[in-house]
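Structure data (compact mmCIF, C-alpha atoms) from query-v6.txt:
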```
# COMPACT_ATOMS: atom_id res chain seq x y z
CA MET A 1 -34.54 -31.50 -49.02
CA THR A 2 -30.89 -32.54 -49.38
CA SER A 3 -28.36 -29.73 -49.08
CA LEU A 4 -25.59 -29.82 -51.68
CA SER A 5 -22.10 -28.37 -51.46
CA ILE A 6 -18.92 -28.34 -53.54
CA LEU A 7 -15.42 -29.66 -52.86
CA ASP A 8 -12.94 -28.06 -55.25
CA LEU A 9 -9.39 -29.27 -55.88
CA SER A 10 -8.72 -26.77 -58.69
CA PRO A 11 -7.97 -29.50 -61.25
CA VAL A 12 -5.21 -28.83 -63.77
CA PRO A 13 -5.89 -30.12 -67.30
CA ALA A 14 -3.20 -31.28 -69.72
CA GLY A 15 -2.01 -28.29 -71.71
CA GLY A 16 -3.43 -25.91 -69.14
CA SER A 17 -1.84 -24.00 -66.29
CA ALA A 18 -2.25 -24.15 -62.53
CA ALA A 19 -2.74 -20.38 -62.49
CA GLN A 20 -5.73 -20.69 -64.81
CA SER A 21 -7.09 -23.53 -62.69
CA LEU A 22 -7.13 -21.24 -59.66
CA ARG A 23 -8.96 -18.59 -61.67
CA ASN A 24 -11.37 -21.30 -62.81
CA SER A 25 -12.13 -21.97 -59.15
CA LEU A 26 -13.10 -18.33 -58.68
CA ASP A 27 -15.31 -18.55 -61.75
CA LEU A 28 -16.95 -21.77 -60.58
CA ALA A 29 -17.54 -20.31 -57.12
CA ARG A 30 -19.27 -17.22 -58.52
CA HIS A 31 -21.45 -19.50 -60.63
CA ALA A 32 -22.24 -21.90 -57.78
CA ASP A 33 -23.15 -19.01 -55.51
CA THR A 34 -26.14 -18.26 -57.75
CA LEU A 35 -27.29 -21.90 -57.88
CA GLY A 36 -28.03 -22.56 -54.22
CA PHE A 37 -25.07 -24.66 -53.07
CA THR A 38 -24.57 -24.48 -49.30
CA ARG A 39 -20.77 -24.61 -49.00
CA TYR A 40 -17.72 -24.28 -51.18
CA TRP A 41 -14.68 -26.02 -49.71
CA LEU A 42 -11.08 -25.95 -50.96
CA ALA A 43 -8.68 -28.87 -50.61
CA GLU A 44 -5.00 -28.88 -49.63
CA HIS A 45 -2.61 -30.93 -51.75
CA HIS A 46 1.07 -30.47 -52.50
CA ASN A 47 3.53 -31.45 -55.24
CA LEU A 48 0.77 -32.80 -57.51
CA ALA A 49 0.72 -31.69 -61.14
CA ASN A 50 -3.03 -32.29 -61.49
CA ILE A 51 -4.15 -30.24 -58.46
CA ALA A 52 -3.55 -26.50 -58.01
CA SER A 53 -5.20 -26.21 -54.60
CA SER A 54 -2.23 -25.98 -52.24
CA ALA A 55 -3.23 -23.04 -50.00
CA PRO A 56 -6.91 -23.29 -49.04
CA ASP A 57 -6.80 -20.42 -46.57
CA ILE A 58 -5.74 -18.01 -49.32
CA MET A 59 -8.37 -19.31 -51.72
CA ILE A 60 -11.07 -19.16 -49.05
CA GLY A 61 -10.50 -15.43 -48.70
CA GLN A 62 -10.53 -14.90 -52.44
CA ILE A 63 -13.70 -16.91 -52.96
CA ALA A 64 -15.54 -15.46 -49.99
CA ALA A 65 -14.79 -12.01 -51.41
CA VAL A 66 -16.48 -12.75 -54.74
CA THR A 67 -19.50 -14.64 -53.36
CA LYS A 68 -22.22 -13.73 -50.88
CA ASN A 69 -24.48 -16.73 -50.24
CA MET A 70 -22.36 -19.84 -49.71
CA ARG A 71 -20.29 -20.71 -46.70
CA VAL A 72 -16.63 -21.07 -47.72
CA GLY A 73 -14.15 -23.34 -46.03
CA SER A 74 -11.33 -25.84 -46.08
CA GLY A 75 -11.76 -29.43 -47.08
CA GLY A 76 -9.41 -29.39 -45.50
CA VAL A 77 -6.43 -27.86 -43.83
CA MET A 78 -4.02 -30.76 -43.37
CA LEU A 79 -3.11 -30.13 -39.75
CA PRO A 80 0.15 -32.17 -39.75
CA ASN A 81 1.59 -29.55 -42.13
CA HIS A 82 0.85 -26.51 -39.96
CA ALA A 83 1.54 -25.05 -36.55
CA PRO A 84 -1.83 -24.88 -34.75
CA LEU A 85 -1.30 -21.21 -33.87
CA MET A 86 -0.96 -20.32 -37.56
CA VAL A 87 -4.14 -22.21 -38.40
CA ALA A 88 -6.01 -20.48 -35.57
CA GLU A 89 -4.88 -17.00 -36.57
CA ARG A 90 -5.51 -17.41 -40.29
CA PHE A 91 -9.04 -18.68 -39.74
CA LYS A 92 -9.80 -16.05 -37.14
CA VAL A 93 -8.80 -13.43 -39.70
CA LEU A 94 -11.08 -15.06 -42.28
CA GLU A 95 -13.92 -15.21 -39.75
CA ALA A 96 -13.39 -11.55 -38.89
CA LEU A 97 -13.58 -10.54 -42.54
CA PHE A 98 -16.47 -12.84 -43.47
CA PRO A 99 -18.43 -13.46 -40.24
CA ASP A 100 -20.62 -16.57 -40.10
CA ARG A 101 -19.52 -17.68 -43.58
CA ILE A 102 -16.30 -19.61 -42.88
CA ASP A 103 -15.77 -23.31 -42.08
CA LEU A 104 -12.59 -24.89 -40.74
CA GLY A 105 -12.27 -28.44 -42.02
CA LEU A 106 -9.25 -30.30 -40.64
CA GLY A 107 -7.55 -33.36 -42.12
CA ARG A 108 -5.18 -35.88 -40.60
CA ALA A 109 -3.17 -36.76 -43.74
CA PRO A 110 -0.38 -34.58 -45.17
CA GLY A 111 -2.02 -34.39 -48.60
CA THR A 112 1.20 -35.31 -50.37
CA ASP A 113 4.12 -37.76 -50.47
CA HIS A 114 6.46 -38.43 -47.55
CA VAL A 115 9.38 -36.33 -48.79
CA THR A 116 7.18 -33.32 -49.53
CA SER A 117 5.57 -33.64 -46.09
CA ILE A 118 9.02 -33.34 -44.54
CA ALA A 119 9.75 -30.26 -46.66
CA LEU A 120 6.50 -28.73 -45.42
CA ARG A 121 7.39 -29.37 -41.79
CA ARG A 122 11.16 -29.01 -41.73
CA ARG A 123 11.05 -25.99 -39.37
CA GLN A 124 8.64 -27.72 -37.03
CA ASP A 125 9.19 -30.64 -34.68
CA VAL A 126 9.10 -33.31 -37.37
CA ARG A 127 7.92 -36.63 -36.02
CA GLU A 128 7.55 -39.94 -37.77
CA ASP A 129 4.45 -40.90 -35.75
CA ASP A 130 0.95 -39.47 -36.14
CA ASP A 131 0.77 -36.26 -34.10
CA PHE A 132 -2.58 -35.05 -35.44
CA LEU A 133 -4.30 -35.44 -32.07
CA ASP A 134 -1.58 -33.44 -30.29
CA ARG A 135 -1.88 -30.64 -32.82
CA PHE A 136 -5.66 -30.69 -32.69
CA GLN A 137 -5.68 -30.48 -28.88
CA GLU A 138 -3.22 -27.56 -29.07
CA LEU A 139 -5.55 -25.77 -31.48
CA LEU A 140 -8.48 -26.18 -29.08
CA LEU A 141 -6.41 -25.06 -26.09
CA LEU A 142 -5.36 -21.92 -27.96
CA GLU A 143 -8.99 -21.19 -28.82
CA ASN A 144 -10.27 -21.77 -25.28
CA ASN A 145 -7.31 -20.29 -23.36
CA GLY A 146 -6.99 -23.71 -21.80
CA PHE A 147 -3.25 -23.96 -21.15
CA PRO A 148 -2.33 -24.14 -17.44
CA LYS A 149 -0.79 -20.98 -15.99
CA ASP A 150 2.61 -22.62 -15.74
CA HIS A 151 2.58 -23.70 -19.42
CA PRO A 152 4.79 -21.64 -21.82
CA PHE A 153 1.82 -21.12 -24.14
CA SER A 154 -0.50 -19.77 -21.43
CA SER A 155 0.35 -16.21 -22.50
CA VAL A 156 -0.05 -16.92 -26.24
CA HIS A 157 -3.28 -15.69 -27.81
CA ALA A 158 -4.38 -16.38 -31.37
CA MET A 159 -5.13 -13.02 -32.92
CA PRO A 160 -7.55 -11.39 -33.44
CA ASN A 161 -8.47 -12.60 -29.94
CA ASP A 162 -11.96 -11.06 -30.02
CA VAL A 163 -13.00 -13.41 -32.84
CA THR A 164 -13.87 -17.08 -32.34
CA LEU A 165 -12.77 -19.84 -34.67
CA PRO A 166 -15.31 -20.78 -37.34
CA PRO A 167 -17.14 -24.12 -37.03
CA ILE A 168 -14.74 -27.07 -36.98
CA PHE A 169 -15.26 -30.18 -39.10
CA LEU A 170 -13.02 -33.23 -38.97
CA LEU A 171 -12.39 -34.96 -42.29
CA GLY A 172 -11.90 -38.68 -42.54
CA SER A 173 -11.98 -41.80 -44.68
CA SER A 174 -12.29 -44.34 -41.85
CA ASP A 175 -13.89 -44.58 -38.43
CA TYR A 176 -10.98 -42.85 -36.61
CA SER A 177 -12.02 -39.29 -37.43
CA ALA A 178 -15.68 -40.24 -36.97
CA GLN A 179 -14.94 -41.24 -33.37
CA LEU A 180 -12.80 -38.18 -32.73
CA ALA A 181 -15.34 -35.78 -34.23
CA ALA A 182 -18.06 -37.39 -32.10
CA SER A 183 -15.99 -37.18 -28.92
CA ILE A 184 -15.33 -33.43 -29.16
CA GLY A 185 -18.71 -32.46 -30.61
CA ALA A 186 -17.52 -31.29 -34.02
CA GLY A 187 -18.95 -31.72 -37.49
CA PHE A 188 -17.77 -34.68 -39.56
CA SER A 189 -17.10 -34.99 -43.28
CA PHE A 190 -16.52 -38.45 -44.77
CA ALA A 191 -14.46 -38.82 -47.96
CA HIS A 192 -16.64 -41.30 -49.83
CA HIS A 193 -14.99 -40.28 -53.12
CA PHE A 194 -11.83 -42.21 -52.29
CA ALA A 195 -12.46 -44.15 -49.07
CA SER A 196 -12.46 -47.92 -48.94
CA HIS A 197 -14.16 -47.87 -45.53
CA ASP A 198 -17.95 -48.12 -45.55
CA ALA A 199 -19.49 -44.65 -45.38
CA ALA A 200 -22.62 -45.80 -43.58
CA ASP A 201 -20.53 -47.42 -40.84
CA ALA A 202 -18.48 -44.27 -40.25
CA MET A 203 -21.58 -42.08 -40.21
CA ARG A 204 -23.30 -44.47 -37.76
CA ILE A 205 -20.35 -44.45 -35.38
CA TYR A 206 -20.24 -40.66 -35.49
CA ARG A 207 -23.95 -40.28 -34.65
CA GLU A 208 -24.01 -42.97 -31.95
CA ARG A 209 -20.99 -41.58 -30.10
CA PHE A 210 -21.60 -37.85 -30.59
CA GLN A 211 -21.14 -35.73 -27.48
CA PRO A 212 -22.77 -32.26 -27.61
CA SER A 213 -20.37 -29.35 -27.26
CA GLN A 214 -20.54 -25.58 -26.88
CA HIS A 215 -20.14 -25.39 -30.66
CA LEU A 216 -22.54 -28.10 -31.84
CA ALA A 217 -25.57 -29.50 -30.02
CA MET A 218 -26.44 -32.23 -32.53
CA PRO A 219 -24.30 -34.36 -34.88
CA PHE A 220 -23.83 -32.94 -38.36
CA ALA A 221 -22.39 -35.23 -41.04
CA ILE A 222 -21.34 -34.36 -44.58
CA LEU A 223 -20.82 -37.02 -47.24
CA ALA A 224 -18.18 -35.98 -49.79
CA THR A 225 -18.59 -37.89 -53.04
CA ALA A 226 -17.72 -37.61 -56.74
CA ALA A 227 -20.27 -37.01 -59.48
CA VAL A 228 -20.41 -36.20 -63.19
CA VAL A 229 -23.68 -34.95 -64.70
CA ALA A 230 -24.53 -34.27 -68.34
CA GLU A 231 -27.68 -33.98 -70.46
CA ASN A 232 -27.43 -37.64 -71.49
CA ALA A 233 -25.81 -40.70 -70.01
CA ASP A 234 -23.38 -41.24 -72.88
CA GLU A 235 -21.99 -37.74 -72.57
CA ALA A 236 -21.60 -38.09 -68.82
CA ASP A 237 -19.79 -41.38 -69.27
CA HIS A 238 -17.55 -39.77 -71.90
CA LEU A 239 -16.64 -36.91 -69.54
CA ALA A 240 -16.00 -39.34 -66.68
CA SER A 241 -13.36 -41.18 -68.71
CA THR A 242 -10.98 -38.42 -67.61
CA ILE A 243 -11.54 -39.54 -64.01
CA ASP A 244 -11.00 -43.18 -65.00
CA LEU A 245 -7.57 -42.49 -66.45
CA ASN A 246 -6.62 -40.23 -63.56
CA PHE A 247 -7.53 -42.99 -61.10
CA VAL A 248 -5.50 -45.60 -62.99
CA ARG A 249 -2.48 -43.30 -63.05
CA ARG A 250 -2.81 -42.48 -59.36
CA ALA A 251 -2.76 -46.19 -58.54
CA LYS A 252 0.63 -46.30 -60.26
CA GLY A 253 1.95 -43.18 -58.50
CA VAL A 254 1.49 -40.91 -61.52
CA TYR A 255 -0.18 -37.56 -60.83
CA ALA A 256 -0.15 -36.04 -64.29
CA PRO A 257 -2.53 -33.25 -65.38
CA LEU A 258 -6.00 -34.42 -66.32
CA GLU A 259 -6.29 -35.74 -69.85
CA SER A 260 -9.16 -35.02 -72.23
CA PRO A 261 -11.89 -37.65 -72.63
CA GLU A 262 -10.54 -38.36 -76.12
CA VAL A 263 -7.09 -39.20 -74.76
CA ALA A 264 -8.58 -41.19 -71.91
CA MET A 265 -10.82 -43.21 -74.21
CA ALA A 266 -7.87 -44.08 -76.46
CA TYR A 267 -5.64 -45.16 -73.55
CA ASP A 268 -4.39 -48.76 -73.67
CA TYR A 269 -5.81 -50.07 -70.38
CA SER A 270 -4.67 -53.40 -69.04
CA PRO A 271 -7.17 -55.86 -67.56
CA ALA A 272 -5.99 -54.78 -64.09
CA ASP A 273 -6.57 -51.14 -65.03
CA ARG A 274 -10.11 -51.88 -66.15
CA GLU A 275 -10.82 -53.71 -62.90
CA ARG A 276 -9.60 -50.68 -60.96
CA ILE A 277 -11.90 -48.44 -63.00
CA LYS A 278 -14.82 -50.75 -62.38
CA GLU A 279 -14.26 -50.65 -58.63
CA ASN A 280 -13.79 -46.87 -58.56
CA ARG A 281 -16.99 -46.31 -60.56
CA LYS A 282 -18.87 -47.80 -57.60
CA ARG A 283 -17.93 -44.62 -55.69
CA LEU A 284 -18.64 -42.33 -58.62
CA SER A 285 -22.12 -41.10 -59.63
CA VAL A 286 -22.29 -40.64 -63.41
CA GLY A 287 -25.25 -39.93 -65.67
CA THR A 288 -28.19 -37.66 -66.37
CA PRO A 289 -29.50 -35.34 -63.64
CA ALA A 290 -32.23 -37.85 -62.76
CA MET A 291 -29.78 -40.76 -62.63
CA VAL A 292 -27.31 -38.96 -60.39
CA LYS A 293 -30.03 -37.61 -58.12
CA GLU A 294 -31.35 -41.13 -57.64
CA ARG A 295 -27.86 -42.35 -56.77
CA LEU A 296 -27.21 -39.51 -54.33
CA ASP A 297 -30.62 -39.88 -52.71
CA ALA A 298 -29.81 -43.54 -52.11
CA LEU A 299 -26.48 -42.60 -50.51
CA VAL A 300 -28.22 -40.14 -48.22
CA GLU A 301 -30.77 -42.76 -47.24
CA THR A 302 -28.03 -45.27 -46.48
CA THR A 303 -25.66 -42.94 -44.63
CA LEU A 304 -28.19 -40.49 -43.13
CA ALA A 305 -25.92 -37.67 -44.29
CA ASP A 306 -27.11 -34.18 -43.42
CA GLU A 307 -25.44 -32.79 -46.51
CA VAL A 308 -23.77 -34.05 -49.69
CA MET A 309 -20.57 -32.40 -50.94
CA ILE A 310 -19.76 -33.01 -54.60
CA THR A 311 -16.35 -33.05 -56.23
CA THR A 312 -16.17 -33.10 -60.04
CA MET A 313 -12.69 -33.49 -61.55
CA LEU A 314 -13.16 -32.87 -65.27
CA TYR A 315 -10.83 -31.83 -68.07
CA ASP A 316 -13.08 -29.08 -69.40
CA HIS A 317 -13.99 -26.20 -67.09
CA GLU A 318 -17.27 -25.41 -68.83
CA ALA A 319 -18.32 -29.06 -68.62
CA ARG A 320 -17.59 -28.96 -64.88
CA LYS A 321 -19.73 -25.84 -64.47
CA ARG A 322 -22.52 -27.44 -66.48
CA SER A 323 -22.39 -30.57 -64.32
CA TYR A 324 -22.98 -28.52 -61.19
CA THR A 325 -25.74 -26.54 -62.90
CA LEU A 326 -27.62 -29.68 -63.86
CA LEU A 327 -27.16 -31.08 -60.38
CA ALA A 328 -28.56 -27.92 -58.78
CA GLU A 329 -31.55 -28.07 -61.09
CA ALA A 330 -32.17 -31.74 -60.32
CA PHE A 331 -32.32 -30.97 -56.61
CA SER A 332 -34.31 -27.75 -57.13
CA LEU A 333 -31.72 -25.67 -55.30
CA THR A 334 -32.14 -21.95 -54.83
CA ALA A 335 -29.83 -19.32 -53.36
CA ALA A 336 -31.94 -19.45 -50.21
CA HIS A 337 -30.31 -22.79 -49.33
CA ALA A 338 -26.92 -21.18 -48.85
CA LYS A 339 -25.33 -20.25 -45.51
CA SER A 340 -26.98 -23.19 -43.78
CA PRO A 341 -25.44 -23.52 -40.30
CA ALA A 342 -23.51 -26.60 -39.29
```

I'd like the structure from this file rewritten - as structure tokens, please.
Amino acid sequence: MTSLSILDLSPVPAGGSAAQSLRNSLDLARHADTLGFTRYWLAEHHNLANIASSAPDIMIGQIAAVTKNMRVGSGGVMLPNHAPLMVAERFKVLEALFPDRIDLGLGRAPGTDHVTSIALRRRQDVREDDDFLDRFQELLLLENNGFPKDHPFSSVHAMPNDVTLPPIFLLGSSDYSAQLAASIGAGFSFAHHFASHDAADAMRIYRERFQPSQHLAMPFAILATAAVVAENADEADHLASTIDLNFVRRAKGVYAPLESPEVAMAYDYSPADRERIKENRKRLSVGTPAMVKERLDALVETTLADEVMITTMLYDHEARKRSYTLLAEAFSLTAAHAKSPA
């Protein structure tokens, strides 16, 4: 049976507030915890008016405190924005408070625009090149006390030092993170909801090149994808129009709060806009519970994903909750599915 999880960006609707969106995430997490979802991951984005999820480590603690069944984690911490020691200590604290329930998902992108990424890192050694691998290796060395004795960091210990880091997942939208996750024996989560790279190819590379580690003996791959479920196909399509408009705006560099389906349906789309929507819908599962289950089952068969993680960016919070409820029912989830190990 396919395990299902949730990726939450705390979407901000037009006319709403980011503060309420964060509270909506707590409400959705409580609800999902009773439905049988395996994980609840929080994203990291900055300087975007339509996304309130900017501090996943804080939200992980809040959500873990009000749930009991699901694993809770980051999808992900954008490592270029953070000193590895801070990441290690924050997630060790979370693991200490909620043992065996925390996941550490790490991303390579900054999760924002170039100027904001500089503002995030201005007190660190800002580099123009990609230093994700350097930061990731530093994180592992801190965890394993692997610095040589003559290295300045050999005496630095991520506290609490009697707690290990939670399971590490590398996030990616191409084959780069798939290869890296395989080489160090970590879990892998592929961002099918926005990637142009073929998901099946990335998953195949990850499995073929996986090297067992002290943390993970076998490859474990999560497919993150977008879905909208409603009682009938017309209603699902209506709700998904919010995503259509959001995607068109993003392509033009506009990250406005999510509009209602009514506003989205009335929008004056150009032929190019409609072509973008058509292409994006290929990555989006929309319809009745049976329709979406069939689509997700096909994705699992193609990618051999061990788990599917669903993101649902809707204008109406109750519609978003209902979408996840219908999805859980379609897959016959129960609370017993939660806390599945990586």

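Using all atoms listed in the file, the shortest contact distance between Glu318 in chain A and any of A:Asp8, A:Asp27, A:Asp113, A:Asp234 is found at A:Asp27.
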
- One decimal, Å: what's the distance from CA of Arg135 in chain A over to CA of Leu79 in chain A, could you say? 7.1 Å

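Computed from the coordinates, the CA of Val228 in chain A to CA of Gly107 in chain A distance equals 24.8 Å.
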
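Of the residues listed (A:Leu94, A:Ala109, A:Ala88, A:Ala224), A:Ala88 shows the shortest atom-to-atom separation from Val156 in chain A; distances use all atoms listed in the file.
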
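With distances taken over all atoms listed in the file, A:Ile51 is the one residue among A:Ile51, A:Thr67, A:Gln137, A:His45 lying closest to Leu22 in chain A.
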
- Message: My list of candidates is A:Ala233, A:Ala335, A:Leu48, A:Leu7. Which is closest to Leu28 in chain A when distances are computed with only C-alpha atoms?
- Response: A:Leu7

- Show which residues sit within 12 Å of range 289-295 of chain A, as a PyMOL selection string. Count all atoms listed in the file, and ignore same-chain residues fewer than 3 positions away. chain A and resi 1-2+4+225-233+235-237+282-286+298-302+308+310+322-332

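Taking CA of Tyr315 in chain A as the reference point, CA of Ser174 in chain A is found at 29.1 Å.
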
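Checking A:Leu314, A:Ala29, A:Ala221, A:Leu104 one by one against Lys92 in chain A, counting all atoms listed in the file, you find the shortest gap at A:Leu104.
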
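Shell of Ser17 in chain A at 12 Å, with all atoms listed in the file counted and residues fewer than 4 places along the chain excluded, is Ser10, Pro11, Val12, Pro13, Ser21, Leu22, Arg23, Asn24, Ala49, Asn50, Ile51, Ala52, Pro257 and Leu258 of chain A.
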